[in-house]
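Engineer: Next up, input04.pdb (PDB, C-alpha atoms).
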ATOM      1  CA  MET A 875       0.000   0.000   0.000  1.00  0.00           C
ATOM      2  CA  GLU A 876       1.243   3.482  -0.867  1.00  0.00           C
ATOM      3  CA  ILE A 877       0.668   6.459   1.440  1.00  0.00           C
ATOM      4  CA  LEU A 878       2.097   9.963   1.158  1.00  0.00           C
ATOM      5  CA  GLY A 879       4.074  10.808   4.276  1.00  0.00           C
ATOM      6  CA  ILE A 880       4.798  14.433   5.203  1.00  0.00           C
ATOM      7  CA  ASP A 881       7.151  15.430   8.000  1.00  0.00           C
ATOM      8  CA  VAL A 882       6.652  18.994   9.273  1.00  0.00           C
ATOM      9  CA  GLY A 883       9.659  20.535  10.992  1.00  0.00           C
ATOM     10  CA  GLY A 884      10.588  23.933  12.308  1.00  0.00           C
ATOM     11  CA  THR A 885      13.123  24.397   9.485  1.00  0.00           C
ATOM     12  CA  GLY A 886      11.798  22.307   6.609  1.00  0.00           C
ATOM     13  CA  ILE A 887       8.713  20.398   5.475  1.00  0.00           C
ATOM     14  CA  LYS A 888       9.403  17.279   3.458  1.00  0.00           C
ATOM     15  CA  GLY A 889       7.464  14.402   2.021  1.00  0.00           C
ATOM     16  CA  ALA A 890       7.457  11.361  -0.237  1.00  0.00           C
ATOM     17  CA  PRO A 891       5.170   8.470  -1.137  1.00  0.00           C
ATOM     18  CA  VAL A 892       5.960   5.416   0.988  1.00  0.00           C
ATOM     19  CA  ASP A 893       5.452   1.688   0.578  1.00  0.00           C
ATOM     20  CA  ILE A 894       4.164   1.054   4.100  1.00  0.00           C
ATOM     21  CA  GLU A 895       4.582  -2.718   3.794  1.00  0.00           C
ATOM     22  CA  ARG A 896       8.356  -2.352   3.337  1.00  0.00           C
ATOM     23  CA  GLY A 897       9.000   1.058   4.899  1.00  0.00           C
ATOM     24  CA  VAL A 898      10.741   2.499   1.848  1.00  0.00           C
ATOM     25  CA  LEU A 899      10.347   5.777  -0.030  1.00  0.00           C
ATOM     26  CA  LEU A 900       8.981   5.315  -3.544  1.00  0.00           C
ATOM     27  CA  ALA A 901      10.364   8.608  -4.835  1.00  0.00           C
ATOM     28  CA  GLU A 902      13.021  11.089  -3.853  1.00  0.00           C
ATOM     29  CA  ARG A 903      11.809  13.161  -0.939  1.00  0.00           C
ATOM     30  CA  TYR A 904      10.618  16.670  -1.767  1.00  0.00           C
ATOM     31  CA  ARG A 905      11.577  19.366   0.723  1.00  0.00           C
ATOM     32  CA  LEU A 906      10.452  22.967   1.070  1.00  0.00           C
ATOM     33  CA  PRO A 907      11.523  25.472   3.738  1.00  0.00           C
ATOM     34  CA  THR A 908       9.093  26.000   6.583  1.00  0.00           C
ATOM     35  CA  PRO A 909       7.507  29.425   5.972  1.00  0.00           C
ATOM     36  CA  LYS A 910       8.232  32.314   8.299  1.00  0.00           C
ATOM     37  CA  PRO A 911       6.018  33.108  10.038  1.00  0.00           C
ATOM     38  CA  SER A 912       4.819  29.510  10.155  1.00  0.00           C
ATOM     39  CA  THR A 913       1.120  30.283  10.570  1.00  0.00           C
ATOM     40  CA  PRO A 914      -1.453  27.568   9.868  1.00  0.00           C
ATOM     41  CA  GLU A 915      -2.386  29.170   6.556  1.00  0.00           C
ATOM     42  CA  ALA A 916       1.217  29.570   5.373  1.00  0.00           C
ATOM     43  CA  ALA A 917       2.327  26.102   6.479  1.00  0.00           C
ATOM     44  CA  ALA A 918      -0.813  24.562   4.959  1.00  0.00           C
ATOM     45  CA  ARG A 919       0.095  26.104   1.595  1.00  0.00           C
ATOM     46  CA  THR A 920       3.548  24.526   1.821  1.00  0.00           C
ATOM     47  CA  ILE A 921       2.105  21.129   2.763  1.00  0.00           C
ATOM     48  CA  VAL A 922      -0.367  21.325  -0.111  1.00  0.00           C
ATOM     49  CA  ALA A 923       2.518  22.201  -2.469  1.00  0.00           C
ATOM     50  CA  ILE A 924       4.134  18.894  -1.518  1.00  0.00           C
ATOM     51  CA  VAL A 925       0.853  17.049  -2.140  1.00  0.00           C
ATOM     52  CA  ARG A 926       0.600  18.731  -5.550  1.00  0.00           C
ATOM     53  CA  HIS A 927       4.250  17.973  -6.369  1.00  0.00           C
ATOM     54  CA  PHE A 928       3.485  14.260  -6.213  1.00  0.00           C
ATOM     55  CA  LYS A 929       0.059  14.724  -7.885  1.00  0.00           C
ATOM     56  CA  TRP A 930      -1.301  12.868  -4.866  1.00  0.00           C
ATOM     57  CA  LYS A 931      -4.981  11.954  -4.557  1.00  0.00           C
ATOM     58  CA  GLY A 932      -5.060   9.406  -1.742  1.00  0.00           C
ATOM     59  CA  ALA A 933      -4.537   9.388   2.016  1.00  0.00           C
ATOM     60  CA  VAL A 934      -1.804  11.491   3.599  1.00  0.00           C
ATOM     61  CA  GLY A 935      -0.073  11.008   6.940  1.00  0.00           C
ATOM     62  CA  CYS A 936       1.511  14.034   8.572  1.00  0.00           C
ATOM     63  CA  GLY A 937       3.987  14.255  11.431  1.00  0.00           C
ATOM     64  CA  PHE A 938       3.569  17.526  13.329  1.00  0.00           C
ATOM     65  CA  PRO A 939       6.020  19.110  15.818  1.00  0.00           C
ATOM     66  CA  GLY A 940       3.704  19.296  18.806  1.00  0.00           C
ATOM     67  CA  VAL A 941       1.042  17.442  20.746  1.00  0.00           C
ATOM     68  CA  VAL A 942      -1.800  16.274  18.486  1.00  0.00           C
ATOM     69  CA  ARG A 943      -5.081  14.828  19.764  1.00  0.00           C
ATOM     70  CA  ARG A 944      -7.588  13.492  17.254  1.00  0.00           C
ATOM     71  CA  GLY A 945      -6.271  15.890  14.610  1.00  0.00           C
ATOM     72  CA  LYS A 946      -6.259  18.950  16.863  1.00  0.00           C
ATOM     73  CA  VAL A 947      -2.989  20.754  17.624  1.00  0.00           C
ATOM     74  CA  MET A 948      -2.459  21.281  21.350  1.00  0.00           C
ATOM     75  CA  THR A 949       1.119  22.665  21.388  1.00  0.00           C
ATOM     76  CA  ALA A 950       3.465  24.205  18.822  1.00  0.00           C
ATOM     77  CA  ALA A 951       6.960  24.813  20.178  1.00  0.00           C
ATOM     78  CA  ASN A 952       8.795  25.485  16.898  1.00  0.00           C
ATOM     79  CA  LEU A 953       5.937  26.793  14.764  1.00  0.00           C
ATOM     80  CA  SER A 954       3.626  29.771  15.115  1.00  0.00           C
ATOM     81  CA  LYS A 955       1.554  29.691  18.299  1.00  0.00           C
ATOM     82  CA  LYS A 956      -1.457  30.323  16.068  1.00  0.00           C
ATOM     83  CA  TRP A 957      -1.465  26.580  15.437  1.00  0.00           C
ATOM     84  CA  ILE A 958      -2.619  25.874  18.984  1.00  0.00           C
ATOM     85  CA  GLY A 959      -6.266  24.855  18.995  1.00  0.00           C
ATOM     86  CA  VAL A 960      -6.444  24.372  15.213  1.00  0.00           C
ATOM     87  CA  GLN A 961      -8.228  21.277  13.914  1.00  0.00           C
ATOM     88  CA  ALA A 962      -5.320  20.620  11.576  1.00  0.00           C
ATOM     89  CA  ASP A 963      -6.688  17.545   9.828  1.00  0.00           C
ATOM     90  CA  VAL A 964      -9.781  19.487   8.709  1.00  0.00           C
ATOM     91  CA  LEU A 965      -7.677  22.491   7.641  1.00  0.00           C
ATOM     92  CA  LEU A 966      -5.393  20.337   5.495  1.00  0.00           C
ATOM     93  CA  GLU A 967      -8.201  18.228   4.058  1.00  0.00           C
ATOM     94  CA  GLU A 968     -10.068  21.327   2.930  1.00  0.00           C
ATOM     95  CA  ALA A 969      -6.903  22.845   1.468  1.00  0.00           C
ATOM     96  CA  SER A 970      -5.730  19.734  -0.377  1.00  0.00           C
ATOM     97  CA  GLY A 971      -8.788  17.625  -1.122  1.00  0.00           C
ATOM     98  CA  CYS A 972      -7.028  14.616   0.451  1.00  0.00           C
ATOM     99  CA  ASP A 973      -7.730  12.702   3.657  1.00  0.00           C
ATOM    100  CA  PHE A 974      -5.221  13.650   6.375  1.00  0.00           C
ATOM    101  CA  GLU A 975      -4.212  11.874   9.559  1.00  0.00           C
ATOM    102  CA  LEU A 976      -1.854  13.679  11.963  1.00  0.00           C
ATOM    103  CA  ALA A 977       0.414  12.596  14.800  1.00  0.00           C
ATOM    104  CA  ASN A 978       3.263  14.039  16.794  1.00  0.00           C
ATOM    105  CA  ASP A 979       6.361  14.028  14.567  1.00  0.00           C
ATOM    106  CA  ALA A 980       8.636  12.163  16.975  1.00  0.00           C
ATOM    107  CA  ASP A 981       5.889   9.590  17.583  1.00  0.00           C
ATOM    108  CA  ALA A 982       5.696   9.058  13.822  1.00  0.00           C
ATOM    109  CA  ALA A 983       9.465   8.647  13.493  1.00  0.00           C
ATOM    110  CA  GLY A 984       9.451   6.252  16.424  1.00  0.00           C
ATOM    111  CA  LEU A 985       6.716   4.123  14.860  1.00  0.00           C
ATOM    112  CA  ALA A 986       8.861   3.752  11.737  1.00  0.00           C
ATOM    113  CA  GLU A 987      11.903   2.699  13.746  1.00  0.00           C
ATOM    114  CA  ILE A 988       9.914   0.230  15.837  1.00  0.00           C
ATOM    115  CA  ARG A 989       8.395  -1.396  12.765  1.00  0.00           C
ATOM    116  CA  PHE A 990      11.269  -1.261  10.279  1.00  0.00           C
ATOM    117  CA  GLY A 991      14.365   0.079  11.981  1.00  0.00           C
ATOM    118  CA  ALA A 992      16.576  -0.021  15.038  1.00  0.00           C
ATOM    119  CA  GLY A 993      13.711  -0.818  17.415  1.00  0.00           C
ATOM    120  CA  LYS A 994      12.332  -3.768  15.487  1.00  0.00           C
ATOM    121  CA  GLY A 995      11.906  -6.792  17.744  1.00  0.00           C
ATOM    122  CA  ARG A 996      13.151  -4.995  20.864  1.00  0.00           C
ATOM    123  CA  GLU A 997      11.255  -5.664  24.068  1.00  0.00           C
ATOM    124  CA  GLY A 998      11.061  -3.460  27.144  1.00  0.00           C
ATOM    125  CA  VAL A 999      11.290   0.322  27.134  1.00  0.00           C
ATOM    126  CA  VAL A1000      12.571   1.984  23.961  1.00  0.00           C
ATOM    127  CA  LEU A1001      13.000   5.744  23.667  1.00  0.00           C
ATOM    128  CA  MET A1002      13.229   7.523  20.311  1.00  0.00           C
ATOM    129  CA  ILE A1003      14.832  10.977  20.437  1.00  0.00           C
ATOM    130  CA  THR A1004      14.929  13.278  17.409  1.00  0.00           C
ATOM    131  CA  LEU A1005      17.667  15.897  17.381  1.00  0.00           C
ATOM    132  CA  GLY A1006      16.715  18.659  14.962  1.00  0.00           C
ATOM    133  CA  THR A1007      15.327  22.180  15.235  1.00  0.00           C
ATOM    134  CA  GLY A1008      14.109  21.018  18.642  1.00  0.00           C
ATOM    135  CA  ILE A1009      14.199  17.727  20.531  1.00  0.00           C
ATOM    136  CA  GLY A1010      11.344  15.318  19.996  1.00  0.00           C
ATOM    137  CA  THR A1011      10.710  12.131  21.953  1.00  0.00           C
ATOM    138  CA  ALA A1012       8.659   8.970  21.528  1.00  0.00           C
ATOM    139  CA  LEU A1013       8.303   6.368  24.264  1.00  0.00           C
ATOM    140  CA  PHE A1014       7.509   2.689  23.655  1.00  0.00           C
ATOM    141  CA  LYS A1015       6.864  -0.214  26.020  1.00  0.00           C
ATOM    142  CA  SER A1016       7.182  -3.584  24.280  1.00  0.00           C
ATOM    143  CA  GLY A1017       6.381  -1.930  20.957  1.00  0.00           C
ATOM    144  CA  GLU A1018       3.363   0.021  22.218  1.00  0.00           C
ATOM    145  CA  LEU A1019       3.504   3.809  21.859  1.00  0.00           C
ATOM    146  CA  VAL A1020       2.805   6.178  24.746  1.00  0.00           C
ATOM    147  CA  PRO A1021       1.684   9.160  22.598  1.00  0.00           C
ATOM    148  CA  ASN A1022       2.667  12.813  22.897  1.00  0.00           C
ATOM    149  CA  VAL A1023       5.491  12.428  25.408  1.00  0.00           C
ATOM    150  CA  GLU A1024       7.136  15.846  25.015  1.00  0.00           C
ATOM    151  CA  LEU A1025      10.405  15.406  26.892  1.00  0.00           C
ATOM    152  CA  GLY A1026      12.408  17.923  24.881  1.00  0.00           C
ATOM    153  CA  HIS A1027      10.983  20.743  27.000  1.00  0.00           C
ATOM    154  CA  LEU A1028      12.185  19.639  30.422  1.00  0.00           C
ATOM    155  CA  GLU A1029      14.753  21.803  32.201  1.00  0.00           C
ATOM    156  CA  LEU A1030      18.396  20.925  31.775  1.00  0.00           C
ATOM    157  CA  ASP A1031      21.278  23.043  33.064  1.00  0.00           C
ATOM    158  CA  GLY A1032      18.817  25.837  33.782  1.00  0.00           C
ATOM    159  CA  LYS A1033      17.407  25.879  30.241  1.00  0.00           C
ATOM    160  CA  GLU A1034      14.760  24.100  28.230  1.00  0.00           C
ATOM    161  CA  ALA A1035      16.570  20.997  26.967  1.00  0.00           C
ATOM    162  CA  GLU A1036      15.931  21.598  23.274  1.00  0.00           C
ATOM    163  CA  LYS A1037      17.303  25.133  23.584  1.00  0.00           C
ATOM    164  CA  TRP A1038      20.533  23.685  24.980  1.00  0.00           C
ATOM    165  CA  ALA A1039      21.171  20.375  23.208  1.00  0.00           C
ATOM    166  CA  SER A1040      19.359  20.316  19.844  1.00  0.00           C
ATOM    167  CA  GLU A1041      21.036  20.048  16.449  1.00  0.00           C
ATOM    168  CA  LYS A1042      19.973  23.648  15.790  1.00  0.00           C
ATOM    169  CA  VAL A1043      21.876  24.782  18.883  1.00  0.00           C
ATOM    170  CA  ARG A1044      24.988  22.862  17.769  1.00  0.00           C
ATOM    171  CA  ARG A1045      24.973  24.620  14.410  1.00  0.00           C
ATOM    172  CA  GLY A1046      24.021  28.021  15.800  1.00  0.00           C
ATOM    173  CA  LYS A1047      26.754  28.057  18.432  1.00  0.00           C
ATOM    174  CA  GLY A1048      29.336  26.301  16.287  1.00  0.00           C
ATOM    175  CA  LEU A1049      29.873  23.642  18.945  1.00  0.00           C
ATOM    176  CA  SER A1050      32.468  20.965  18.332  1.00  0.00           C
ATOM    177  CA  TRP A1051      31.184  17.414  18.207  1.00  0.00           C
ATOM    178  CA  LYS A1052      32.766  16.739  21.595  1.00  0.00           C
ATOM    179  CA  LYS A1053      31.190  19.782  23.257  1.00  0.00           C
ATOM    180  CA  TRP A1054      27.791  19.078  21.740  1.00  0.00           C
ATOM    181  CA  ALA A1055      28.033  15.403  22.688  1.00  0.00           C
ATOM    182  CA  LYS A1056      28.585  16.447  26.306  1.00  0.00           C
ATOM    183  CA  ARG A1057      25.232  18.246  26.217  1.00  0.00           C
ATOM    184  CA  VAL A1058      23.478  15.408  24.416  1.00  0.00           C
ATOM    185  CA  ASN A1059      24.930  12.937  26.902  1.00  0.00           C
ATOM    186  CA  ALA A1060      23.644  14.975  29.852  1.00  0.00           C
ATOM    187  CA  TYR A1061      20.186  14.851  28.286  1.00  0.00           C
ATOM    188  CA  LEU A1062      20.393  11.115  27.611  1.00  0.00           C
ATOM    189  CA  ASP A1063      21.527  10.490  31.173  1.00  0.00           C
ATOM    190  CA  ARG A1064      18.465  12.362  32.436  1.00  0.00           C
ATOM    191  CA  MET A1065      16.206  10.257  30.216  1.00  0.00           C
ATOM    192  CA  HIS A1066      17.907   7.112  31.490  1.00  0.00           C
ATOM    193  CA  THR A1067      17.356   8.194  35.093  1.00  0.00           C
ATOM    194  CA  TYR A1068      13.635   8.724  34.440  1.00  0.00           C
ATOM    195  CA  PHE A1069      12.782   5.706  32.278  1.00  0.00           C
ATOM    196  CA  TRP A1070      15.659   3.191  32.370  1.00  0.00           C
ATOM    197  CA  PRO A1071      15.231   2.349  28.673  1.00  0.00           C
ATOM    198  CA  GLU A1072      16.931  -0.683  27.202  1.00  0.00           C
ATOM    199  CA  LEU A1073      17.458   1.194  23.967  1.00  0.00           C
ATOM    200  CA  ILE A1074      17.683   4.851  22.918  1.00  0.00           C
ATOM    201  CA  ILE A1075      17.352   5.565  19.195  1.00  0.00           C
ATOM    202  CA  LEU A1076      18.660   8.906  17.965  1.00  0.00           C
ATOM    203  CA  GLY A1077      16.954  10.341  14.888  1.00  0.00           C
ATOM    204  CA  GLY A1078      16.372  13.714  13.265  1.00  0.00           C
ATOM    205  CA  GLY A1079      18.953  15.740  11.371  1.00  0.00           C
ATOM    206  CA  GLY A1080      21.567  15.158  14.051  1.00  0.00           C
ATOM    207  CA  SER A1081      21.489  11.411  13.466  1.00  0.00           C
ATOM    208  CA  LYS A1082      23.220  11.877  10.105  1.00  0.00           C
ATOM    209  CA  HIS A1083      26.431  12.640  12.038  1.00  0.00           C
ATOM    210  CA  PHE A1084      26.118   9.917  14.680  1.00  0.00           C
ATOM    211  CA  GLU A1085      29.594   8.485  14.137  1.00  0.00           C
ATOM    212  CA  LYS A1086      31.138  11.918  14.835  1.00  0.00           C
ATOM    213  CA  PHE A1087      29.715  12.309  18.343  1.00  0.00           C
ATOM    214  CA  ALA A1088      28.933   8.718  19.384  1.00  0.00           C
ATOM    215  CA  PRO A1089      32.431   8.110  20.835  1.00  0.00           C
ATOM    216  CA  TYR A1090      31.721  10.757  23.465  1.00  0.00           C
ATOM    217  CA  LEU A1091      28.420   9.257  24.665  1.00  0.00           C
ATOM    218  CA  SER A1092      28.431   7.205  27.849  1.00  0.00           C
ATOM    219  CA  THR A1093      24.790   6.700  28.824  1.00  0.00           C
ATOM    220  CA  PRO A1094      24.518   3.163  30.318  1.00  0.00           C
ATOM    221  CA  CYS A1095      22.182   1.601  27.747  1.00  0.00           C
ATOM    222  CA  ASP A1096      22.237   0.847  24.037  1.00  0.00           C
ATOM    223  CA  VAL A1097      22.328   4.129  22.058  1.00  0.00           C
ATOM    224  CA  VAL A1098      22.076   3.749  18.295  1.00  0.00           C
ATOM    225  CA  PRO A1099      21.238   5.940  15.284  1.00  0.00           C
ATOM    226  CA  ALA A1100      17.865   5.622  13.608  1.00  0.00           C
ATOM    227  CA  LYS A1101      18.203   2.962  10.916  1.00  0.00           C
ATOM    228  CA  LEU A1102      15.974   4.997   8.626  1.00  0.00           C
ATOM    229  CA  ARG A1103      17.954   8.106   9.579  1.00  0.00           C
ATOM    230  CA  ASN A1104      16.217  11.344   8.619  1.00  0.00           C
ATOM    231  CA  SER A1105      13.560   9.581   6.515  1.00  0.00           C
ATOM    232  CA  ALA A1106      12.038   7.960   9.623  1.00  0.00           C
ATOM    233  CA  GLY A1107       9.642  10.886  10.025  1.00  0.00           C
ATOM    234  CA  ILE A1108       8.295  10.499   6.483  1.00  0.00           C
ATOM    235  CA  VAL A1109       7.938   6.720   6.744  1.00  0.00           C
ATOM    236  CA  GLY A1110       6.274   7.011  10.138  1.00  0.00           C
ATOM    237  CA  ALA A1111       3.912   9.704   8.920  1.00  0.00           C
ATOM    238  CA  ALA A1112       2.835   7.367   6.123  1.00  0.00           C
ATOM    239  CA  LEU A1113       2.163   4.624   8.686  1.00  0.00           C
ATOM    240  CA  VAL A1114      -0.055   7.096  10.560  1.00  0.00           C
ATOM    241  CA  GLY A1115      -1.815   7.944   7.283  1.00  0.00           C
ATOM    242  CA  ALA A1116      -2.787   4.308   6.837  1.00  0.00           C
ATOM    243  CA  ASN A1117      -5.490   4.928   9.438  1.00  0.00           C
ATOM    244  CA  LYS A1118      -7.351   6.880   6.757  1.00  0.00           C
ATOM    245  CA  THR A1119      -7.558   3.929   4.356  1.00  0.00           C
TER     246      THR A1119
END
Just dump the structure as structure tokens.
Structural biologist:
Amino acid sequence: MEILGIDVGGTGIKGAPVDIERGVLLAERYRLPTPKPSTPEAAARTIVAIVRHFKWKGAVGCGFPGVVRRGKVMTAANLSKKWIGVQADVLLEEASGCDFELANDADAAGLAEIRFGAGKGREGVVLMITLGTGIGTALFKSGELVPNVELGHLELDGKEAEKWASEKVRRGKGLSWKKWAKRVNAYLDRMHTYFWPELIILGGGGSKHFEKFAPYLSTPCDVVPAKLRNSAGIVGAALVGANKT
């Protein structure tokens, strides 16, 4: 079955059709910059442009950077606050003419990794962490998702964690891999203290450079890069979209 997956981020919005039986992209991903300001209307136009790019007519799954309940946006940390309270599935359906199903973006990426990637077949507690414009998290117990666990906003070293240890912060401050890894490690240690996961999967844009900072990580559990790397969000969004078929 083919579903269009769209991954909405604070910096870019990207999508591709996905074979959800195999977890593979069926075309090169299409990426557009997230509009500024990222209001619902502006971001919806960008999302629809991706739908149009693929001449898509079927169901669409969308990963959104915030808490989503039954298609309604409850938080929006890295997009315009005007998103809060918006029934996003209805907005996007009316704008595109396609059926939309939404989920938290890190939850979507985590679903892809649990089904096709680094978390496949792993029992116990698994934590997916996306390092990008912000920090997204998805928590699983024996493969079952605990939705909308927003752990990137907890306080760390006197600051909101994602404003201290995200990939955006690394680039913005020009941190060396070692210095950034020290921050990431402090965050991972905190997550380990709270949840004692057997496995932590690192995804998002930062996962592309895993081998550069992994030697400096020392959290006492398995820490691995997302197998699907930065396409996990698109694949997971497509899995979410399957609920509309």
Engineer: Contacts of A:Leu1062 at 9 Å or less, counting all atoms listed in the file, minus same-chain residues fewer than 3 places along, as a ChimeraX atom specification?
Structural biologist: /A:1057-1059,1065-1067,1074,1091-1093
Engineer: Near A:Thr949, counting all atoms listed in the file, which residues have an atom at most 8 Å away, once you skip same-chain residues fewer than 6 positions from it, shown as a ChimeraX atom specification?
Structural biologist: /A:940-942,955,957-958
Engineer: Find the spatial neighbours of stretch 991-1002 of chain A, counting only C-alpha atoms, within a cut-off of 8 Å - ignore same-chain residues fewer than 4 positions away - and output them as a list in words.
Structural biologist: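 Final neighbour list, sorted by chain and number: Ala980, Ala983, Gly984, Ala986, Glu987, Thr1011, Ala1012, Leu1013, Phe1014, Lys1015, Ser1016, Gly1017, Phe1069, Trp1070, Pro1071, Glu1072, Leu1073, Ile1074, Ile1075, Leu1076, Gly1077, Val1098, Pro1099, Ala1100, Lys1101 and Leu1102 of chain A.
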Engineer: With all atoms listed in the file as the counted atoms, please give the residues lying no more than 10 Å from stretch 1078-1088 of chain A, apart from itself and same-chain residues fewer than 5 positions off, as a PyMOL selection string.
Structural biologist: chain A and resi 883+980+983+1002-1010+1040-1042+1044+1050-1056+1058-1059+1097-1107
Engineer: Please write the residues from the selection above to a file, keeping C-alpha atoms, as a PDB file, in the frame of the given file.
Structural biologist:
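As a result, result_5.pdb now contains:
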ATOM      1  CA  GLY A 883       9.659  20.535  10.992  1.00  0.00           C
ATOM      2  CA  ALA A 980       8.636  12.163  16.975  1.00  0.00           C
ATOM      3  CA  ALA A 983       9.465   8.647  13.493  1.00  0.00           C
ATOM      4  CA  MET A1002      13.229   7.523  20.311  1.00  0.00           C
ATOM      5  CA  ILE A1003      14.832  10.977  20.437  1.00  0.00           C
ATOM      6  CA  THR A1004      14.929  13.278  17.409  1.00  0.00           C
ATOM      7  CA  LEU A1005      17.667  15.897  17.381  1.00  0.00           C
ATOM      8  CA  GLY A1006      16.715  18.659  14.962  1.00  0.00           C
ATOM      9  CA  THR A1007      15.327  22.180  15.235  1.00  0.00           C
ATOM     10  CA  GLY A1008      14.109  21.018  18.642  1.00  0.00           C
ATOM     11  CA  ILE A1009      14.199  17.727  20.531  1.00  0.00           C
ATOM     12  CA  GLY A1010      11.344  15.318  19.996  1.00  0.00           C
ATOM     13  CA  SER A1040      19.359  20.316  19.844  1.00  0.00           C
ATOM     14  CA  GLU A1041      21.036  20.048  16.449  1.00  0.00           C
ATOM     15  CA  LYS A1042      19.973  23.648  15.790  1.00  0.00           C
ATOM     16  CA  ARG A1044      24.988  22.862  17.769  1.00  0.00           C
ATOM     17  CA  SER A1050      32.468  20.965  18.332  1.00  0.00           C
ATOM     18  CA  TRP A1051      31.184  17.414  18.207  1.00  0.00           C
ATOM     19  CA  LYS A1052      32.766  16.739  21.595  1.00  0.00           C
ATOM     20  CA  LYS A1053      31.190  19.782  23.257  1.00  0.00           C
ATOM     21  CA  TRP A1054      27.791  19.078  21.740  1.00  0.00           C
ATOM     22  CA  ALA A1055      28.033  15.403  22.688  1.00  0.00           C
ATOM     23  CA  LYS A1056      28.585  16.447  26.306  1.00  0.00           C
ATOM     24  CA  VAL A1058      23.478  15.408  24.416  1.00  0.00           C
ATOM     25  CA  ASN A1059      24.930  12.937  26.902  1.00  0.00           C
ATOM     26  CA  VAL A1097      22.328   4.129  22.058  1.00  0.00           C
ATOM     27  CA  VAL A1098      22.076   3.749  18.295  1.00  0.00           C
ATOM     28  CA  PRO A1099      21.238   5.940  15.284  1.00  0.00           C
ATOM     29  CA  ALA A1100      17.865   5.622  13.608  1.00  0.00           C
ATOM     30  CA  LYS A1101      18.203   2.962  10.916  1.00  0.00           C
ATOM     31  CA  LEU A1102      15.974   4.997   8.626  1.00  0.00           C
ATOM     32  CA  ARG A1103      17.954   8.106   9.579  1.00  0.00           C
ATOM     33  CA  ASN A1104      16.217  11.344   8.619  1.00  0.00           C
ATOM     34  CA  SER A1105      13.560   9.581   6.515  1.00  0.00           C
ATOM     35  CA  ALA A1106      12.038   7.960   9.623  1.00  0.00           C
ATOM     36  CA  GLY A1107       9.642  10.886  10.025  1.00  0.00           C
TER      37      GLY A1107
END
Engineer: Which value, in Å to one decimal, gives the distance between atom CA of A:Ala982 and atom CA of A:Val960?
Structural biologist: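 Computing it gives 19.6 Å between the two atoms.
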Engineer: Evaluate the PyMOL selection byres ((chain A and resi 934) around 7) here and jot the selected residues down as a list in words.
Structural biologist: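 Here the PyMOL selection byres ((chain A and resi 934) around 7) matches Ile877, Leu878, Gly879, Gly932, Ala933, Gly935, Cys936, Cys972, Asp973, Phe974, Glu975, Ala1112 and Gly1115 of chain A.
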Engineer: Can you turn the PyMOL selection byres ((chain A and resi 915-923) around 9) into a concrete residue list for this file, as a PyMOL selection string?
Structural biologist: chain A and resi 880+882+887-889+906-914+924-928+962+965-966+969-970
Engineer: Give the answer as one residue: which of A:Glu876, A:Asp1031, A:Asp881, A:Asp979 has the shortest atom-to-atom distance to A:Ala950, using only C-alpha atoms?
Structural biologist: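 So, comparing all the options, the nearest one is A:Asp979.
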Engineer: Suppose you want the space between atom CA of A:Lys931 and atom CA of A:Gly971; what is it in Å?
Structural biologist: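 Result for atom CA of A:Lys931 versus atom CA of A:Gly971: 7.6 Å, one decimal.
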